>>> print(open('run_9.txt').read())   # compact mmCIF, C-alpha atoms
# COMPACT_ATOMS: atom_id res chain seq x y z
CA MET B 243 -43.89 10.16 0.70
CA ARG B 244 -46.82 7.84 0.00
CA ARG B 245 -46.75 8.72 -3.67
CA TYR B 246 -43.06 7.91 -3.85
CA LEU B 247 -43.73 4.54 -2.19
CA TRP B 248 -46.44 3.68 -4.75
CA VAL B 249 -44.08 4.60 -7.59
CA MET B 250 -41.42 2.27 -6.23
CA VAL B 251 -43.96 -0.55 -5.81
CA GLY B 252 -45.19 0.01 -9.36
CA LEU B 253 -41.68 -0.15 -10.78
CA ALA B 254 -40.96 -3.32 -8.81
CA LEU B 255 -44.14 -4.98 -10.12
CA ALA B 256 -43.36 -3.90 -13.67
CA GLY B 257 -39.87 -5.37 -13.38
CA LEU B 258 -41.29 -8.60 -11.97
CA LEU B 259 -43.83 -8.93 -14.78
CA LEU B 260 -41.16 -8.23 -17.40
CA GLY B 261 -38.94 -10.90 -15.84
CA VAL B 262 -41.76 -13.48 -15.80
CA GLN B 263 -42.63 -12.72 -19.40
CA HIS B 264 -38.97 -12.93 -20.47
CA ASN B 265 -38.61 -16.35 -18.77
CA ARG B 266 -41.76 -17.64 -20.46
CA TYR B 267 -40.53 -16.58 -23.89
CA ALA B 268 -37.15 -18.10 -23.14
CA GLN B 269 -38.76 -21.48 -22.22
CA GLN B 270 -40.86 -21.42 -25.39
CA GLY B 271 -37.82 -20.58 -27.50
CA THR B 272 -39.45 -17.46 -28.92
CA GLY B 273 -38.04 -13.96 -28.85
CA ASP B 274 -39.11 -11.39 -26.33
CA THR B 275 -40.36 -8.51 -28.45
CA LEU B 276 -40.61 -6.15 -25.50
CA ALA B 277 -37.06 -6.95 -24.33
CA GLN B 278 -35.73 -6.48 -27.84
CA THR B 279 -37.48 -3.14 -28.04
CA VAL B 280 -36.04 -2.07 -24.68
CA ARG B 281 -32.55 -3.19 -25.74
CA GLY B 282 -32.94 -1.28 -29.01
CA ILE B 283 -33.57 1.84 -27.02
CA VAL B 284 -31.18 1.29 -24.12
CA VAL B 285 -28.10 -0.02 -25.98
CA PRO B 286 -27.60 3.10 -28.15
CA LEU B 287 -28.07 5.22 -25.05
CA GLN B 288 -25.45 3.12 -23.23
CA LYS B 289 -23.04 3.52 -26.15
CA GLY B 290 -23.58 7.27 -26.16
CA VAL B 291 -23.10 7.52 -22.41
CA TYR B 292 -19.93 5.40 -22.65
CA ALA B 293 -18.55 7.52 -25.49
CA VAL B 294 -19.26 10.74 -23.57
CA SER B 295 -17.75 9.40 -20.35
CA ALA B 296 -14.69 8.08 -22.21
CA GLY B 297 -14.28 11.46 -23.88
CA LEU B 298 -14.55 13.23 -20.52
CA VAL B 299 -11.97 10.88 -18.99
CA GLN B 300 -9.61 11.50 -21.92
CA PHE B 301 -10.18 15.26 -21.65
CA PHE B 302 -9.37 15.32 -17.93
CA ASN B 303 -6.34 13.07 -18.47
CA THR B 304 -5.13 15.51 -21.14
CA LEU B 305 -5.61 18.42 -18.74
CA VAL B 306 -3.63 16.62 -16.03
CA SER B 307 -0.85 15.75 -18.51
CA ALA B 308 -0.77 19.36 -19.73
CA GLN B 309 -0.48 20.64 -16.16
CA HIS B 310 2.38 18.22 -15.48
CA ALA B 311 4.10 19.29 -18.71
CA ILE B 312 3.73 22.99 -17.84
CA ALA B 313 5.06 22.37 -14.32
CA GLY B 314 7.99 20.44 -15.81
CA GLN B 315 8.69 23.25 -18.27
CA HIS B 316 8.70 25.79 -15.45
CA ARG B 317 11.17 23.63 -13.51
CA LEU B 318 13.39 23.37 -16.59
CA LEU B 319 13.25 27.15 -17.10
CA GLU B 320 14.15 27.77 -13.46
CA GLU B 321 17.02 25.27 -13.66
CA ASN B 322 18.23 26.84 -16.91
CA ALA B 323 18.20 30.32 -15.34
CA ARG B 324 20.07 29.00 -12.29
CA LEU B 325 22.70 27.35 -14.49
CA ARG B 326 23.14 30.57 -16.51
CA GLN B 327 23.68 32.54 -13.31
CA GLU B 328 26.16 29.92 -12.07
CA LEU B 329 28.03 30.04 -15.40
CA LYS B 330 28.11 33.84 -15.26
CA ARG B 331 29.46 33.71 -11.71
CA MET B 332 32.12 31.16 -12.66
CA ARG B 333 33.24 33.27 -15.62
CA ALA B 334 33.47 36.33 -13.38
CA LEU B 335 35.57 34.35 -10.90
CA GLN B 336 37.77 33.14 -13.75
CA ARG B 337 38.31 36.71 -14.99
CA GLU B 338 39.08 37.83 -11.43
CA ASN B 339 41.60 35.01 -10.98
CA GLU B 340 43.27 35.94 -14.26
CA THR B 341 43.41 39.58 -13.14
CA MET B 342 44.94 38.58 -9.82
CA ARG B 343 47.61 36.48 -11.53
CA THR B 344 48.48 39.38 -13.84
CA LEU B 345 48.68 41.84 -10.93
CA LEU B 346 50.91 39.46 -9.00
CA LYS B 347 53.32 39.53 -11.94
CA VAL B 348 53.19 43.32 -12.20
CA ARG B 349 53.48 44.09 -8.48
CA PRO B 350 57.22 43.26 -8.04
CA GLU B 351 58.09 45.72 -10.81
CA LEU B 352 56.37 48.66 -9.09
CA PRO B 353 58.30 50.80 -6.61
CA HIS B 354 56.95 51.61 -3.13
CA GLU B 355 53.86 50.07 -1.55
CA TRP B 356 50.74 49.25 -3.57
CA LEU B 357 47.30 48.16 -2.39
CA GLY B 358 44.77 46.01 -4.24
CA CYS B 359 41.31 47.62 -4.59
CA ARG B 360 38.06 46.48 -6.12
CA VAL B 361 36.26 48.60 -8.71
CA ILE B 362 32.72 49.01 -7.39
CA ALA B 363 31.38 51.45 -10.01
CA LEU B 364 32.28 52.83 -13.42
CA TYR B 365 31.00 56.06 -14.97
CA PRO B 366 32.09 56.07 -18.63
CA GLN B 367 30.54 59.46 -19.38
CA GLN B 368 32.52 61.11 -16.57
CA GLN B 369 35.50 58.81 -17.25
CA THR B 370 35.81 57.98 -13.59
CA LEU B 371 35.53 54.86 -11.47
CA ILE B 372 34.98 54.21 -7.75
CA LEU B 373 37.19 52.01 -5.57
CA ASP B 374 36.22 50.22 -2.37
CA ARG B 375 39.10 51.65 -0.29
CA GLY B 376 39.97 55.13 0.86
CA THR B 377 42.03 57.26 3.21
CA ARG B 378 41.91 54.88 6.15
CA ASP B 379 43.71 52.36 3.91
CA GLY B 380 46.32 54.87 2.77
CA ILE B 381 44.63 55.79 -0.53
CA LEU B 382 45.12 59.54 -1.05
CA PRO B 383 44.43 61.98 -3.90
CA GLY B 384 47.21 62.01 -6.47
CA ALA B 385 48.00 58.30 -6.12
CA PRO B 386 48.57 56.48 -9.45
CA VAL B 387 46.35 53.51 -10.32
CA VAL B 388 47.41 50.55 -12.46
CA CYS B 389 45.99 47.25 -13.67
CA GLY B 390 47.63 44.20 -15.19
CA GLU B 391 47.71 45.78 -18.65
CA GLY B 392 49.09 49.14 -17.62
CA LEU B 393 48.31 52.59 -16.25
CA VAL B 394 44.65 53.30 -15.42
CA GLY B 395 44.66 56.85 -14.03
CA VAL B 396 45.00 58.81 -10.83
CA VAL B 397 43.03 59.15 -7.59
CA ALA B 398 41.15 62.44 -7.74
CA GLN B 399 39.21 62.31 -4.46
CA ALA B 400 39.13 60.00 -1.45
CA ASP B 401 37.18 59.63 1.76
CA ALA B 402 37.52 57.08 4.55
CA GLY B 403 36.10 54.09 2.67
CA SER B 404 36.19 54.88 -1.06
CA ALA B 405 38.10 56.75 -3.74
CA ILE B 406 37.30 58.35 -7.11
CA VAL B 407 39.75 57.66 -9.93
CA ARG B 408 40.04 59.81 -13.06
CA LEU B 409 40.95 57.66 -16.05
CA LEU B 410 43.84 58.40 -18.39
CA THR B 411 41.37 59.47 -21.05
CA ALA B 412 39.74 62.11 -18.82
CA PRO B 413 40.48 65.78 -19.57
CA ARG B 414 43.43 67.35 -17.77
CA VAL B 415 45.02 64.02 -16.87
CA ALA B 416 48.62 64.27 -18.10
CA VAL B 417 51.49 61.80 -17.88
CA SER B 418 55.10 62.19 -19.00
CA ALA B 419 55.74 59.44 -21.54
CA ARG B 420 58.37 57.74 -23.66
CA VAL B 421 57.81 56.13 -27.06
CA LEU B 422 59.74 52.87 -27.43
CA ASN B 423 60.81 52.98 -31.06
CA SER B 424 63.39 50.46 -32.28
CA SER B 425 65.70 53.21 -33.55
CA ARG B 426 65.32 55.78 -30.79
CA VAL B 427 63.33 56.49 -27.64
CA SER B 428 61.38 59.77 -27.80
CA SER B 429 59.86 61.68 -24.89
CA GLY B 430 56.64 63.65 -24.69
CA PHE B 431 53.41 63.99 -22.72
CA CYS B 432 50.20 61.94 -22.84
CA GLU B 433 47.06 63.94 -22.12
CA GLY B 434 43.44 62.90 -21.87
CA ARG B 435 40.93 64.77 -23.99
CA GLY B 436 37.69 63.09 -22.96
CA GLU B 437 37.88 60.60 -25.82
CA SER B 438 38.65 56.90 -26.03
CA GLU B 439 42.24 57.62 -27.10
CA ILE B 440 45.00 59.74 -25.55
CA LEU B 441 46.84 62.58 -27.24
CA LEU B 442 50.63 62.25 -27.21
CA HIS B 443 52.24 65.62 -27.91
CA MET B 444 55.39 67.69 -27.31
CA LEU B 445 57.38 65.22 -29.41
CA PRO B 446 60.38 66.55 -31.38
CA PRO B 447 59.60 66.85 -35.11
CA GLU B 448 62.40 64.42 -35.94
CA ALA B 449 61.16 61.79 -33.45
CA PRO B 450 60.92 58.42 -35.29
CA VAL B 451 57.47 57.61 -33.89
CA GLN B 452 55.49 55.02 -35.84
CA VAL B 453 52.11 53.34 -35.61
CA GLY B 454 52.44 50.28 -33.39
CA ASP B 455 55.11 51.76 -31.08
CA SER B 456 54.57 51.15 -27.38
CA VAL B 457 54.24 54.08 -24.99
CA VAL B 458 55.27 53.89 -21.32
CA SER B 459 55.42 56.36 -18.46
CA ALA B 460 58.63 58.39 -18.21
CA GLY B 461 58.42 59.05 -14.46
CA LEU B 462 59.14 62.79 -14.70
CA GLY B 463 57.90 64.76 -11.69
CA GLY B 464 57.65 61.67 -9.50
CA LYS B 465 53.87 61.41 -9.69
CA TYR B 466 53.81 58.28 -11.81
CA PRO B 467 56.49 55.58 -11.63
CA SER B 468 58.51 55.07 -14.79
CA ASN B 469 58.10 52.26 -17.33
CA ILE B 470 54.42 51.59 -16.65
CA PRO B 471 52.75 50.63 -19.97
CA ILE B 472 50.32 53.27 -21.22
CA GLY B 473 49.24 52.24 -24.71
CA VAL B 474 50.10 51.81 -28.38
CA VAL B 475 50.45 54.47 -31.07
CA VAL B 476 47.62 54.33 -33.62
CA GLN B 477 48.17 57.60 -35.54
CA VAL B 478 51.09 60.03 -36.07
CA TRP B 479 51.21 63.48 -37.67
CA LEU B 480 53.29 66.66 -37.72
CA ASP B 481 51.78 69.83 -36.30
CA ARG B 482 53.37 72.33 -38.68
CA GLN B 483 52.06 75.31 -36.74
CA TYR B 484 54.20 74.43 -33.72
CA SER B 485 56.76 72.22 -35.51
CA LEU B 486 56.00 69.35 -33.15
CA LYS B 487 55.02 65.76 -33.79
CA LYS B 488 51.82 64.42 -32.27
CA ALA B 489 50.24 61.00 -32.01
CA ARG B 490 47.13 59.26 -30.81
CA VAL B 491 47.59 56.45 -28.31
CA ARG B 492 45.12 53.68 -27.55
CA PRO B 493 45.38 52.72 -23.84
CA TYR B 494 46.30 49.16 -22.98
CA ALA B 495 43.91 49.12 -20.01
CA ASP B 496 40.36 47.94 -20.70
CA PHE B 497 38.56 50.48 -18.52
CA GLU B 498 35.09 48.98 -19.00
CA ASN B 499 36.05 45.57 -17.60
CA LEU B 500 38.26 46.52 -14.66
CA GLN B 501 37.57 44.53 -11.50
CA ILE B 502 40.70 44.83 -9.39
CA VAL B 503 43.43 47.50 -9.57
CA LEU B 504 46.56 48.44 -7.69
CA VAL B 505 46.84 51.87 -6.05
CA GLN B 506 50.05 53.35 -4.69
CA ARG B 507 49.71 53.61 -0.96
CA LYS B 508 50.84 56.82 0.73
CA GLU B 509 51.08 58.06 4.30
CA HIS B 510 49.35 61.21 5.51
CA ARG B 511 51.67 64.19 5.68
CA ARG B 512 51.55 66.01 8.97
>>> encode(input="run_9.txt", output="structure tokens")
Amino acid sequence: MRRYLWVMVGLALAGLLLGVQHNRYAQQGTGDTLAQTVRGIVVPLQKGVYAVSAGLVQFFNTLVSAQHAIAGQHRLLEENARLRQELKRMRALQRENETMRTLLKVRPELPHEWLGCRVIALYPQQQTLILDRGTRDGILPGAPVVCGEGLVGVVAQADAGSAIVRLLTAPRVAVSARVLNSSRVSSGFCEGRGESEILLHMLPPEAPVQVGDSVVSAGLGGKYPSNIPIGVVVQVWLDRQYSLKKARVRPYADFENLQIVLVQRKEHRR
């Protein structure tokens, strides 16, 4: 402690002596060699310290600006993602509204009672889809299913709250059909083969079926109502082995984008 005190006293005395000497040189009008020497040493050091401190300030300001920019970019990314989700939701609502308008136009043309159902799952490999309504709503196996574009398939299984629908393209799904040709209407059967298109067979060999002809349900057997659109003919050929004409039909229904369908409602038989 005493040594520290003597150091402070010594520095004070040295400062006092330097001040007295500087004043004396100033009164005489001569330069202070010692002061000039000190300034020659101190000034460069001050410049260096200032440059380093200014550089550090600029560095930290850059870091702060970078952090603000990164935070702003994150906010923009989050807002962009939110807007994309909102746009996706609005497009889905628009498609659903369009589907509802189409179904409202189709519904008056269908006989009996039909119930709107939502498609909650699609299994393209099994060519089936799942509906959100079942037996407690009057949805029973064997009920036909349609959308705004045409026939979708038939209910294969149903429990209290859901139903499984086999699509038209699924194997062993058969529908009596009529081909609407301008010269003559021909009758046959549409049958799913597990492919994207349906086989139309049992046509008379002289049937004037052409590519582009529309195919609708014939209503034979009472399972499917008549005049429900099925699809369009895309290929025609003559099976010479059985002397019958066959055709491939592309379904009107877009199975991969179904959201809402109509199912014929039936009562339990006792």
>>> closest_residue(input="run_9.txt", among="B:Cys389, B:Ala419, B:Ala405, B:Val394", to="Ile372 of chain B", atoms="all atoms listed in the file")
B:Ala405
>>> closest_residue(input="run_9.txt", among="B:Val421, B:Val427, B:Leu325, B:Leu500", to="Ser459 of chain B", atoms="only C-alpha atoms")
B:Val421
>>> atom_distance(input="run_9.txt", atom1="atom CA of Glu439 of chain B", atom2="atom CA of Ala489 of chain B")
10.0 Å
>>> closest_residue(input="run_9.txt", among="B:Leu486, B:Pro353, B:Arg426, B:Asp379", to="Ser468 of chain B", atoms="all atoms listed in the file")
B:Pro353
>>> residues_around(input="run_9.txt", residues="Val388 of chain B", least_positions_apart="2", cutoff="10 Å", atoms="only C-alpha atoms", output="ChimeraX atom specification")
/B:345,348-349,352,356,358,386,390-396,470-472,495,502-506
>>> atom_distance(input="run_9.txt", atom1="atom CA of Leu422 of chain B", atom2="atom CA of Val474 of chain B")
9.7 Å
>>> residues_around(input="run_9.txt", residues="Ala363 of chain B", least_positions_apart="6", cutoff="10 Å", atoms="all atoms listed in the file", output="list in words")
Thr370, Leu371, Ile372, Leu373, Asp374, Ile406, Leu500 and Gln501 of chain B
>>> closest_residue(input="run_9.txt", among="B:Ala398, B:Val306, B:Val457, B:Ile381", to="Ser418 of chain B", atoms="all atoms listed in the file")
B:Val457
>>> atom_distance(input="run_9.txt", atom1="atom CA of Val361 of chain B", atom2="atom CA of Ser438 of chain B")
19.4 Å
>>> residues_around(input="run_9.txt", residues="Glu433 of chain B", least_positions_apart="3", cutoff="8 Å", atoms="only C-alpha atoms", output="PyMOL selection string")
chain B and resi 410-411+413-417+440-443
>>> closest_residue(input="run_9.txt", among="B:Leu462, B:Ile362, B:Pro493, B:Val451", to="Trp479 of chain B", atoms="all atoms listed in the file")
B:Val451
>>> axis_aligned_box(input="run_9.txt", around="segment 364-382 of chain B", padding_each_side="6 Å", output="lines of an AutoDock Vina configuration file")
center_x = 38.4
center_y = 55.7
center_z = -6.6
size_x = 27.8
size_y = 22.9
size_z = 37.5
